[in-house]
file data.tsv (TSV, C-alpha atoms)
chain	number	residue	atom	x	y	z
A	1	MET	CA	-4.22	-23.33	15.48
A	2	PRO	CA	-0.67	-24.67	15.08
A	3	LEU	CA	1.43	-21.71	14.00
A	4	TRP	CA	4.02	-23.89	12.36
A	5	LEU	CA	1.66	-24.18	9.40
A	6	PHE	CA	2.66	-20.65	8.47
A	7	ASP	CA	6.28	-20.51	9.53
A	8	GLY	CA	8.40	-18.13	7.51
A	9	ALA	CA	7.80	-14.82	5.93
A	10	LEU	CA	-2.36	-2.16	1.01
A	11	GLN	CA	-3.33	0.59	1.50
A	12	VAL	CA	-1.94	2.59	2.71
A	13	CYS	CA	-4.32	4.97	2.20
A	14	SER	CA	-5.27	8.14	0.44
A	15	PRO	CA	-7.73	10.19	2.51
A	16	ARG	CA	-8.81	13.74	1.91
A	17	CYS	CA	-6.46	15.06	4.58
A	18	PHE	CA	-6.61	18.77	3.98
A	19	ARG	CA	-10.27	19.43	3.38
A	20	SER	CA	-11.60	19.28	6.92
A	21	GLU	CA	-10.58	18.88	10.55
A	22	PRO	CA	-9.63	15.32	11.49
A	23	LYS	CA	-10.57	14.44	15.05
A	24	GLY	CA	-7.63	12.10	15.61
A	25	LEU	CA	-5.32	12.37	18.57
A	26	PHE	CA	-2.22	13.01	16.52
A	27	CYS	CA	-2.94	15.80	14.13
A	28	ARG	CA	-5.57	18.34	13.15
A	29	ILE	CA	-4.98	19.65	9.68
A	30	LEU	CA	-6.74	22.62	8.11
A	31	LEU	CA	-6.83	24.01	4.63
A	32	MET	CA	-5.79	27.63	4.90
A	33	ARG	CA	-5.05	29.61	1.76
A	34	GLY	CA	-3.94	26.42	0.04
A	35	MET	CA	-1.48	25.53	2.82
A	36	ALA	CA	-1.82	22.61	5.21
A	37	VAL	CA	-1.59	23.93	8.78
A	38	CYS	CA	-1.26	21.54	11.68
A	39	GLU	CA	-2.69	22.95	14.90
A	40	SER	CA	-1.03	20.50	17.25
A	41	GLY	CA	0.19	16.94	17.58
A	42	ASP	CA	3.01	14.81	16.28
A	43	VAL	CA	2.64	15.47	12.56
A	44	GLN	CA	3.48	19.05	11.62
A	45	PRO	CA	2.81	20.90	8.33
A	46	ASP	CA	6.42	20.56	7.20
A	47	ASP	CA	6.24	16.84	7.96
A	48	VAL	CA	3.31	16.49	5.57
A	49	ARG	CA	5.17	18.48	2.91
A	50	ILE	CA	8.14	16.13	3.28
A	51	ILE	CA	5.84	13.11	2.94
A	52	ARG	CA	4.42	14.59	-0.25
A	53	ALA	CA	7.95	15.25	-1.56
A	54	LEU	CA	8.83	11.61	-0.89
A	55	GLN	CA	5.77	10.45	-2.82
A	56	ILE	CA	6.98	12.40	-5.83
A	57	ALA	CA	10.65	11.45	-5.51
A	58	PRO	CA	11.06	8.74	-2.84
A	59	ARG	CA	14.82	8.43	-3.34
A	60	ALA	CA	15.58	12.14	-3.66
A	61	SER	CA	18.39	13.37	-1.42
A	62	PHE	CA	17.55	15.37	1.68
A	63	ALA	CA	19.38	18.27	0.08
A	64	SER	CA	17.11	18.16	-2.99
A	65	ILE	CA	13.98	17.96	-0.86
A	66	ALA	CA	15.18	20.81	1.34
A	67	ASN	CA	15.90	22.96	-1.69
A	68	ALA	CA	12.44	22.37	-3.12
A	69	LEU	CA	10.62	22.99	0.17
A	70	GLY	CA	12.69	25.93	1.39
A	71	LEU	CA	13.94	24.05	4.44
A	72	THR	CA	17.41	23.15	5.65
A	73	GLU	CA	18.88	19.77	4.84
A	74	GLY	CA	19.35	19.06	8.53
A	75	SER	CA	15.68	19.80	9.26
A	76	VAL	CA	14.48	17.46	6.52
A	77	ASN	CA	16.84	14.75	7.74
A	78	ARG	CA	15.68	15.06	11.36
A	79	ARG	CA	11.99	15.21	10.51
A	80	TYR	CA	12.14	12.20	8.21
A	81	ARG	CA	14.03	10.11	10.76
A	82	ARG	CA	11.56	11.07	13.49
A	83	LEU	CA	8.57	10.20	11.30
A	84	ARG	CA	10.17	6.87	10.49
A	85	ALA	CA	11.09	6.13	14.11
A	86	ASP	CA	7.54	7.04	15.23
A	87	GLY	CA	6.03	4.63	12.71
A	88	VAL	CA	4.32	7.37	10.70
A	89	VAL	CA	6.11	6.77	7.41
A	90	ARG	CA	8.31	4.13	5.82
A	91	VAL	CA	9.95	4.04	2.38
A	92	ALA	CA	10.47	0.56	0.99
A	93	GLY	CA	11.02	-1.21	-2.31
A	94	MET	CA	8.05	-3.40	-3.23
A	95	VAL	CA	8.51	-6.24	-5.71
A	96	ASN	CA	5.75	-6.79	-8.27
A	97	PRO	CA	5.35	-10.54	-8.88
A	98	GLY	CA	3.36	-9.78	-12.03
A	99	ALA	CA	6.54	-8.51	-13.69
A	100	LEU	CA	8.05	-11.91	-12.91
A	101	GLY	CA	5.14	-13.70	-14.57
A	102	GLN	CA	3.21	-14.57	-11.39
A	103	SER	CA	-0.44	-13.76	-10.70
A	104	ARG	CA	-1.65	-11.90	-7.61
A	105	TRP	CA	-4.57	-13.00	-5.46
A	106	LEU	CA	-6.91	-11.59	-2.83
A	107	VAL	CA	-8.10	-14.06	-0.20
A	108	ARG	CA	-11.02	-13.95	2.25
A	109	LEU	CA	-10.85	-16.40	5.13
A	110	ARG	CA	-13.73	-17.13	7.52
A	111	CYS	CA	-12.31	-18.50	10.76
A	112	ARG	CA	-13.45	-19.98	14.04
A	113	PRO	CA	-13.96	-17.41	16.82
A	114	GLY	CA	-10.84	-16.99	18.90
A	115	SER	CA	-8.46	-18.16	16.17
A	116	VAL	CA	-8.37	-15.11	13.91
A	117	SER	CA	-5.54	-13.20	15.57
A	118	ALA	CA	-3.18	-16.19	15.56
A	119	ILE	CA	-3.87	-16.94	11.89
A	120	ALA	CA	-3.55	-13.27	10.88
A	121	ASP	CA	-0.25	-12.91	12.75
A	122	ALA	CA	1.11	-16.07	11.14
A	123	LEU	CA	0.10	-14.86	7.68
A	124	ALA	CA	1.64	-11.45	8.30
A	125	LYS	CA	5.01	-13.06	9.00
A	126	ARG	CA	5.17	-14.45	5.47
A	127	ASP	CA	6.95	-12.36	2.85
A	128	ASP	CA	4.56	-13.64	0.16
A	129	VAL	CA	1.59	-12.05	1.98
A	130	ASN	CA	1.79	-8.27	1.82
A	131	TRP	CA	-1.58	-7.16	3.21
A	132	VAL	CA	-3.57	-8.56	6.14
A	133	ALA	CA	-6.69	-7.12	7.79
A	134	LEU	CA	-9.36	-8.35	10.22
A	135	SER	CA	-13.03	-7.61	9.66
A	136	ALA	CA	-16.56	-9.05	10.09
A	137	ALA	CA	-16.65	-8.84	13.89
A	138	GLY	CA	-13.24	-10.46	14.11
A	139	CYS	CA	-14.19	-13.64	12.24
A	140	GLU	CA	-12.83	-12.76	8.79
A	141	ILE	CA	-9.33	-12.18	7.44
A	142	THR	CA	-8.66	-10.47	4.13
A	143	CYS	CA	-5.14	-10.82	2.75
A	144	ALA	CA	-3.25	-10.30	-0.49
A	145	THR	CA	-0.60	-12.66	-1.80
A	146	GLN	CA	2.60	-11.58	-3.50
A	147	SER	CA	4.01	-15.01	-4.27
A	148	ARG	CA	7.20	-14.90	-6.32
A	149	THR	CA	6.72	-18.44	-7.66
A	150	ARG	CA	3.76	-20.65	-8.53
A	151	GLU	CA	4.97	-23.25	-6.04
A	152	GLN	CA	4.98	-20.68	-3.24
A	153	ARG	CA	1.42	-19.59	-4.07
A	154	GLU	CA	0.07	-23.12	-4.41
A	155	ASP	CA	1.68	-24.13	-1.14
A	156	LEU	CA	-0.16	-21.33	0.68
A	157	LEU	CA	-3.54	-21.42	-1.07
A	158	GLY	CA	-3.70	-25.10	-1.96
A	159	GLN	CA	-1.99	-26.75	1.00
A	160	ARG	CA	-1.43	-24.80	4.20
A	161	LEU	CA	-4.61	-22.74	4.50
A	162	PRO	CA	-7.06	-25.52	3.54
A	163	ARG	CA	-5.44	-27.87	6.07
A	164	THR	CA	-5.79	-25.39	8.92
A	165	ALA	CA	-8.67	-26.60	11.09
A	166	ALA	CA	-9.54	-23.11	12.31
A	167	VAL	CA	-10.20	-21.92	8.74
A	168	LEU	CA	-13.87	-22.56	7.97
A	169	ASP	CA	-14.06	-21.13	4.47
A	170	ILE	CA	-11.65	-19.82	1.82
A	171	ASN	CA	-12.45	-17.61	-1.15
A	172	ALA	CA	-9.58	-16.62	-3.45
A	173	PHE	CA	-9.90	-14.03	-6.21
A	174	ALA	CA	-7.39	-13.49	-8.98
A	175	MET	CA	-6.49	-9.85	-9.60
A	176	LEU	CA	-7.32	-9.09	-13.24
A	177	ARG	CA	-6.49	-5.39	-13.58
A	178	GLN	CA	-5.13	-2.94	-11.03
A	179	PHE	CA	-6.51	0.60	-11.21
A	180	MET	CA	-4.97	2.07	-8.07
A	181	GLY	CA	-2.09	1.03	-5.84
A	182	GLY	CA	1.67	1.00	-5.63
A	183	ARG	CA	3.05	4.52	-5.60
A	184	GLY	CA	-0.48	5.84	-6.10
A	185	HIS	CA	-1.08	5.67	-2.33
A	186	TYR	CA	-2.10	9.03	-0.88
A	187	TRP	CA	-1.24	10.75	-4.15
A	188	ALA	CA	-4.66	12.32	-4.79
A	189	ALA	CA	-5.19	13.24	-1.14
A	190	LEU	CA	-1.93	15.16	-0.78
A	191	GLN	CA	-2.23	16.86	-4.13
A	192	GLY	CA	-1.87	20.61	-3.67
A	193	THR	CA	0.35	20.30	-0.61
A	194	LEU	CA	3.26	21.53	-2.73
A	195	SER	CA	3.14	24.03	-5.55
A	196	PRO	CA	3.60	22.85	-9.15
A	197	GLU	CA	6.99	24.58	-9.12
A	198	GLN	CA	8.10	22.66	-6.03
A	199	GLU	CA	6.93	19.37	-7.52
A	200	ALA	CA	8.78	20.15	-10.74
A	201	MET	CA	11.96	20.78	-8.75
A	202	LEU	CA	11.64	17.28	-7.33
A	203	GLY	CA	11.27	15.77	-10.78
A	204	SER	CA	7.54	15.08	-10.87
A	205	GLU	CA	6.58	13.47	-14.16
A	206	GLY	CA	2.85	13.03	-13.74
A	207	ALA	CA	0.89	10.22	-12.12
A	208	PRO	CA	3.02	7.73	-10.17
A	209	PHE	CA	0.82	4.77	-11.03
A	210	THR	CA	-0.67	3.91	-14.39
A	211	GLU	CA	-3.20	1.18	-15.10
A	212	ALA	CA	-1.56	-1.90	-16.54
A	213	PRO	CA	-2.02	-5.68	-16.86
A	214	VAL	CA	-1.39	-7.47	-13.59
A	215	VAL	CA	0.81	-10.13	-15.19
A	216	THR	CA	3.25	-9.13	-17.91
A	217	ARG	CA	3.52	-11.20	-21.07
A	218	ASP	CA	7.28	-10.75	-21.06
A	219	PRO	CA	8.41	-11.68	-17.53
A	220	VAL	CA	11.74	-10.51	-16.16
A	221	ARG	CA	14.29	-13.05	-14.98
A	222	LEU	CA	16.11	-11.82	-11.90
A	223	THR	CA	19.80	-12.35	-11.36
A	224	ALA	CA	21.47	-13.00	-8.01
A	225	GLU	CA	22.61	-9.38	-8.09
A	226	ASP	CA	19.04	-8.21	-8.65
A	227	GLU	CA	17.84	-10.23	-5.67
A	228	LYS	CA	20.41	-8.60	-3.41
A	229	ILE	CA	19.44	-5.13	-4.62
A	230	LEU	CA	15.76	-5.86	-4.06
A	231	GLY	CA	16.45	-7.28	-0.61
A	232	SER	CA	18.23	-4.08	0.43
A	233	LEU	CA	15.44	-1.91	-0.98
A	234	ALA	CA	12.83	-3.93	0.90
A	235	ALA	CA	14.57	-2.97	4.14
A	236	ASP	CA	15.11	0.67	3.13
A	237	GLY	CA	13.79	2.13	-0.09
A	238	ARG	CA	16.14	5.09	0.35
A	239	ALA	CA	19.30	3.01	0.68
A	240	SER	CA	22.13	4.78	-1.11
A	241	LEU	CA	23.71	3.45	-4.28
A	242	VAL	CA	26.88	2.85	-2.29
A	243	ASP	CA	24.99	0.71	0.21
A	244	LEU	CA	23.13	-1.13	-2.54
A	245	ALA	CA	26.40	-1.78	-4.35
A	246	ALA	CA	27.98	-3.15	-1.17
A	247	ALA	CA	25.01	-5.48	-0.62
A	248	ALA	CA	25.13	-6.69	-4.23
A	249	ASP	CA	28.93	-6.98	-4.46
A	250	SER	CA	28.80	-4.53	-7.34
A	251	THR	CA	29.57	-0.89	-8.17
A	252	PRO	CA	27.30	2.14	-7.64
A	253	GLY	CA	27.23	2.84	-11.37
A	254	ARG	CA	26.17	-0.66	-12.28
A	255	VAL	CA	23.59	-0.76	-9.48
A	256	SER	CA	22.18	2.58	-10.62
A	257	ARG	CA	21.66	1.28	-14.15
A	258	ARG	CA	20.16	-1.98	-12.95
A	259	LEU	CA	17.80	-0.25	-10.51
A	260	HIS	CA	16.60	2.05	-13.26
A	261	ALA	CA	15.88	-0.97	-15.47
A	262	LEU	CA	14.01	-2.79	-12.68
A	263	ILE	CA	11.83	0.25	-12.04
A	264	GLU	CA	11.18	0.76	-15.76
A	265	ARG	CA	10.10	-2.88	-16.11
A	266	ARG	CA	7.83	-2.50	-13.05
A	267	VAL	CA	9.72	-5.20	-11.18
A	268	VAL	CA	9.94	-2.89	-8.18
A	269	HIS	CA	8.48	0.42	-7.10
A	270	ILE	CA	9.61	2.57	-4.21
A	271	ASP	CA	6.58	2.88	-1.98
A	272	VAL	CA	5.92	5.48	0.71
A	273	GLU	CA	3.89	3.79	3.43
A	274	ILE	CA	1.94	6.06	5.79
A	275	ALA	CA	0.14	5.25	9.04
A	276	ALA	CA	-3.37	6.55	8.31
A	277	ALA	CA	-4.26	7.13	11.97
A	278	ALA	CA	-1.32	9.51	12.35
A	279	LEU	CA	-3.26	11.88	10.07
A	280	GLY	CA	-6.54	11.29	11.92
A	281	TYR	CA	-8.10	8.65	9.63
A	282	HIS	CA	-9.49	5.77	11.67
A	283	ALA	CA	-12.23	4.22	9.50
A	284	ARG	CA	-10.96	1.73	6.93
A	285	ALA	CA	-13.06	-0.64	4.89
A	286	ASN	CA	-12.89	-3.27	2.19
A	287	LEU	CA	-15.34	-2.49	-0.59
A	288	TRP	CA	-16.60	-5.40	-2.70
A	289	LEU	CA	-18.48	-4.13	-5.75
A	290	ARG	CA	-20.62	-6.06	-8.21
A	291	VAL	CA	-20.57	-4.02	-11.42
A	292	HIS	CA	-22.03	-4.66	-14.86
A	293	PRO	CA	-19.18	-6.13	-16.97
A	294	SER	CA	-19.34	-3.26	-19.44
A	295	ALA	CA	-18.82	-0.73	-16.62
A	296	VAL	CA	-15.89	-2.38	-14.79
A	297	LYS	CA	-13.18	-0.27	-16.43
A	298	ASN	CA	-15.03	3.02	-15.97
A	299	VAL	CA	-15.85	2.28	-12.32
A	300	GLY	CA	-12.30	1.15	-11.58
A	301	ARG	CA	-10.81	4.27	-13.15
A	302	THR	CA	-13.27	6.50	-11.31
A	303	LEU	CA	-12.38	4.88	-7.99
A	304	ALA	CA	-8.68	5.48	-8.71
A	305	GLN	CA	-9.35	9.23	-8.74
A	306	GLU	CA	-11.04	9.31	-5.33
A	307	PRO	CA	-8.77	10.53	-2.49
A	308	GLU	CA	-10.34	8.06	-0.05
A	309	ILE	CA	-9.37	5.07	-2.19
A	310	ALA	CA	-5.98	3.50	-1.48
A	311	PHE	CA	-6.38	0.47	-3.73
A	312	ALA	CA	-8.73	-0.62	-6.51
A	313	ALA	CA	-8.63	-3.63	-8.81
A	314	ALA	CA	-10.82	-5.77	-11.02
A	315	VAL	CA	-10.97	-9.30	-9.64
A	316	SER	CA	-12.48	-12.68	-10.45
A	317	GLY	CA	-15.49	-13.98	-8.54
A	318	PRO	CA	-19.01	-12.75	-7.69
A	319	TYR	CA	-17.72	-9.27	-6.85
A	320	ASN	CA	-15.73	-8.03	-9.83
A	321	ILE	CA	-14.11	-4.96	-8.20
A	322	HIS	CA	-12.32	-4.77	-4.87
A	323	ALA	CA	-11.26	-1.48	-3.29
A	324	VAL	CA	-9.89	-0.24	0.02
A	325	ALA	CA	-11.21	3.03	1.44
A	326	HIS	CA	-9.83	5.19	4.27
A	327	CYS	CA	-11.99	7.81	5.97
A	328	ARG	CA	-11.87	9.81	9.20
A	329	ASP	CA	-14.79	7.97	10.80
A	330	LEU	CA	-17.69	5.67	10.01
A	331	ASP	CA	-20.00	8.56	9.23
A	332	GLU	CA	-17.64	9.83	6.55
A	333	LEU	CA	-17.35	6.26	5.24
A	334	PHE	CA	-21.14	6.10	5.04
A	335	GLU	CA	-21.37	9.39	3.15
A	336	PHE	CA	-18.59	8.36	0.76
A	337	THR	CA	-20.01	4.94	-0.07
A	338	THR	CA	-23.63	6.06	-0.41
A	339	ASP	CA	-23.21	9.38	-2.21
A	340	ARG	CA	-20.16	8.93	-4.40
A	341	ILE	CA	-19.72	5.19	-4.80
A	342	GLY	CA	-23.40	4.32	-4.69
A	343	SER	CA	-24.19	6.68	-7.57
A	344	LEU	CA	-21.66	5.18	-10.00
A	345	ALA	CA	-23.20	4.06	-13.29
A	346	GLY	CA	-23.18	0.28	-13.64
A	347	LEU	CA	-22.99	-0.50	-9.91
A	348	GLN	CA	-25.34	-3.36	-9.08
A	349	SER	CA	-24.49	-4.06	-5.44
A	350	MET	CA	-21.79	-3.35	-2.88
A	351	GLU	CA	-20.57	-4.89	0.37
A	352	VAL	CA	-18.87	-2.52	2.82
A	353	SER	CA	-16.72	-4.46	5.28
A	354	PRO	CA	-15.10	-2.20	7.93
A	355	VAL	CA	-11.59	-3.19	8.97
A	356	LEU	CA	-11.32	-3.89	12.69
A	357	GLN	CA	-7.55	-4.24	12.70
A	358	HIS	CA	-4.91	-3.65	10.06
A	359	VAL	CA	-2.12	-6.16	10.67
A	360	LYS	CA	0.06	-5.58	7.61
A	361	GLN	CA	0.07	-3.15	4.70
A	362	ALA	CA	2.28	-3.23	1.63
A	363	GLY	CA	4.71	-5.54	3.35
A	364	THR	CA	4.95	-3.51	6.57
A	365	LEU	CA	3.61	-4.78	9.89
A	366	LEU	CA	1.53	-2.53	12.13
A	367	SER	CA	1.46	-2.36	15.90
A	368	GLY	CA	-1.72	-0.60	16.92
A	369	ASP	CA	-1.88	2.23	14.41
A	370	ARG	CA	1.84	2.64	13.70
A	371	LEU	CA	4.18	1.02	11.20
A	372	VAL	CA	6.77	-1.42	12.53
A	373	GLU	CA	9.97	-2.32	10.75
A	374	THR	CA	10.72	-6.00	11.16
A	375	PRO	CA	13.18	-8.42	9.53
A	376	ARG	CA	11.82	-10.13	6.42
A	377	THR	CA	11.80	-13.92	6.27
A	378	ARG	CA	10.80	-16.28	3.53
A	379	ALA	CA	8.20	-18.99	3.82
call {"tool": "encode", "arguments": {"input": "data.tsv", "output": "structure tokens"}}
result
Amino acid sequence: MPLWLFDGALQVCSPRCFRSEPKGLFCRILLMRGMAVCESGDVQPDDVRIIRALQIAPRASFASIANALGLTEGSVNRRYRRLRADGVVRVAGMVNPGALGQSRWLVRLRCRPGSVSAIADALAKRDDVNWVALSAAGCEITCATQSRTREQREDLLGQRLPRTAAVLDINAFAMLRQFMGGRGHYWAALQGTLSPEQEAMLGSEGAPFTEAPVVTRDPVRLTAEDEKILGSLAADGRASLVDLAAAADSTPGRVSRRLHALIERRVVHIDVEIAAAALGYHARANLWLRVHPSAVKNVGRTLAQEPEIAFAAAVSGPYNIHAVAHCRDLDELFEFTTDRIGSLAGLQSMEVSPVLQHVKQAGTLLSGDRLVETPRTRA
């Protein structure tokens, strides 16, 4: 397949990390008197507490996090930088095209054998594709588009993909309502890692993600200054106001006010991406649910409360709910889908499609099972 067709520029996950012993190579975590204890490996208990603190307040200073967790500022700084360098965690600003008036789509591609990796890699290089995974014995690609303009979306879905000879079939589904995603990643799974008092010290104000229409009726128009701020946050969601101001040719005070407005309008959220395998979770799957129309909202909201679910949305097409699940292994995936998902009222049928390789999640590329920071390029 000619890669020039795609020249140019998720979930993470939310497993039940502290309720059993993961068998992964990197970390074994136990629940002991309400505290997560890591027996050995790269990810230590204080690392997990720092990750949880970042979920609550992703732009909090190291000093604030240290104060809440009872650690030293230097320790928090070193641990965070090691986790980031090791590809375990990444904090980045994610733009929501729905706030700009653009729809979001999920796409399933059936490809010729031998061509999948090249197509997936080409898609992953696009900044308007924020999630790419391989499944179905290596013959299927599932991806999510984040096109900022209608022209960008139509170019990808209406022109480039259909003209690619190696693509045998394309199914695109419009996202109708998102129940779980964004800053909701891992939230339920890490709940209880910190005490309510510690979370309050960090400024926790309840759930980080609330159900909302995918496309706003009052779209935001971005300025050149906004674009520069968002570009800097995409590279580092913890970039200081001084750095953001320098990138936007502005002042820290003005940037602070503008960033607050962009977050309030859901134009951007500061996401904490986590490499699931680093916590011992190696079984990921796309779940395609066919639910009675009257039960779609209830099923979607129920899925959003499950620690294994990293993403859930109502979509168009024969399957009206799509979700992404992360479990320790295939046996746990089987138990989860049969016992807890299979018993949901209104469920008519379900397709469980295990992910063979996760290529990109929430705008971050993966190499093996670790996150990779790469320059962003536009299509």
call {"tool": "residues_around", "arguments": {"input": "data.tsv", "residues": "Cys139 of chain A", "least_positions_apart": "2", "cutoff": "10 Å", "atoms": "all atoms listed in the file", "output": "PyMOL selection string"}}
result
chain A and resi 109-117+134-137+141+167-168
call {"tool": "closest_residue", "arguments": {"input": "data.tsv", "among": "A:Gly253, A:Pro219, A:Pro354, A:Pro213", "to": "Trp288 of chain A", "atoms": "all atoms listed in the file"}}
result
A:Pro354
call {"tool": "atom_distance", "arguments": {"input": "data.tsv", "atom1": "atom CA of Ser240 of chain A", "atom2": "atom CA of Val220 of chain A"}}
result
23.8 Å
call {"tool": "atom_distance", "arguments": {"input": "data.tsv", "atom1": "atom CA of Ala57 of chain A", "atom2": "atom CA of Leu194 of chain A"}}
result
12.8 Å
call {"tool": "closest_residue", "arguments": {"input": "data.tsv", "among": "A:Val107, A:Ala212, A:Val255, A:Ala124", "to": "Arg177 of chain A", "atoms": "all atoms listed in the file"}}
result
A:Ala212
call {"tool": "residues_around", "arguments": {"input": "data.tsv", "residues": "Val268 of chain A", "least_positions_apart": "4", "cutoff": "9 Å", "atoms": "all atoms listed in the file", "output": "PyMOL selection string"}}
result
chain A and resi 93-97+99+230+259+262-264
call {"tool": "atom_distance", "arguments": {"input": "data.tsv", "atom1": "atom CA of Asn320 of chain A", "atom2": "atom CA of Leu303 of chain A"}}
result
13.5 Å
call {"tool": "residues_around", "arguments": {"input": "data.tsv", "residues": "segment 333-341 of chain A", "least_positions_apart": "6", "cutoff": "9 Å", "atoms": "all atoms listed in the file", "output": "PDB file with C-alpha atoms, in the coordinates of the input"}}
result
ATOM      1  CA  ALA A 283     -12.230   4.220   9.500  1.00  0.00           C
ATOM      2  CA  ARG A 284     -10.960   1.730   6.930  1.00  0.00           C
ATOM      3  CA  ALA A 285     -13.060  -0.640   4.890  1.00  0.00           C
ATOM      4  CA  LEU A 287     -15.340  -2.490  -0.590  1.00  0.00           C
ATOM      5  CA  VAL A 299     -15.850   2.280 -12.320  1.00  0.00           C
ATOM      6  CA  LEU A 303     -12.380   4.880  -7.990  1.00  0.00           C
ATOM      7  CA  GLU A 308     -10.340   8.060  -0.050  1.00  0.00           C
ATOM      8  CA  ALA A 325     -11.210   3.030   1.440  1.00  0.00           C
ATOM      9  CA  HIS A 326      -9.830   5.190   4.270  1.00  0.00           C
ATOM     10  CA  CYS A 327     -11.990   7.810   5.970  1.00  0.00           C
ATOM     11  CA  LEU A 347     -22.990  -0.500  -9.910  1.00  0.00           C
ATOM     12  CA  MET A 350     -21.790  -3.350  -2.880  1.00  0.00           C
ATOM     13  CA  VAL A 352     -18.870  -2.520   2.820  1.00  0.00           C
TER      14      VAL A 352
END
call {"tool": "residues_around", "arguments": {"input": "data.tsv", "residues": "Ala304 of chain A", "least_positions_apart": "6", "cutoff": "7 Å", "atoms": "all atoms listed in the file", "output": "compact mmCIF listing (two decimals) with C-alpha atoms, in the coordinates of the input"}}
result
# COMPACT_ATOMS: atom_id res chain seq x y z
CA PHE A 179 -6.51 0.60 -11.21
CA MET A 180 -4.97 2.07 -8.07
CA ALA A 312 -8.73 -0.62 -6.51
call {"tool": "axis_aligned_box", "arguments": {"input": "data.tsv", "around": "segment 236-248 of chain A", "padding_each_side": "5 Å", "output": "JSON"}}
result
{"center_x": 20.9, "center_y": -0.8, "center_z": -0.6, "size_x": 24.2, "size_y": 21.8, "size_z": 17.5}
call {"tool": "closest_residue", "arguments": {"input": "data.tsv", "among": "A:Gly363, A:Pro162, A:Pro293, A:Gly280", "to": "Ser316 of chain A", "atoms": "all atoms listed in the file"}}
result
A:Pro293
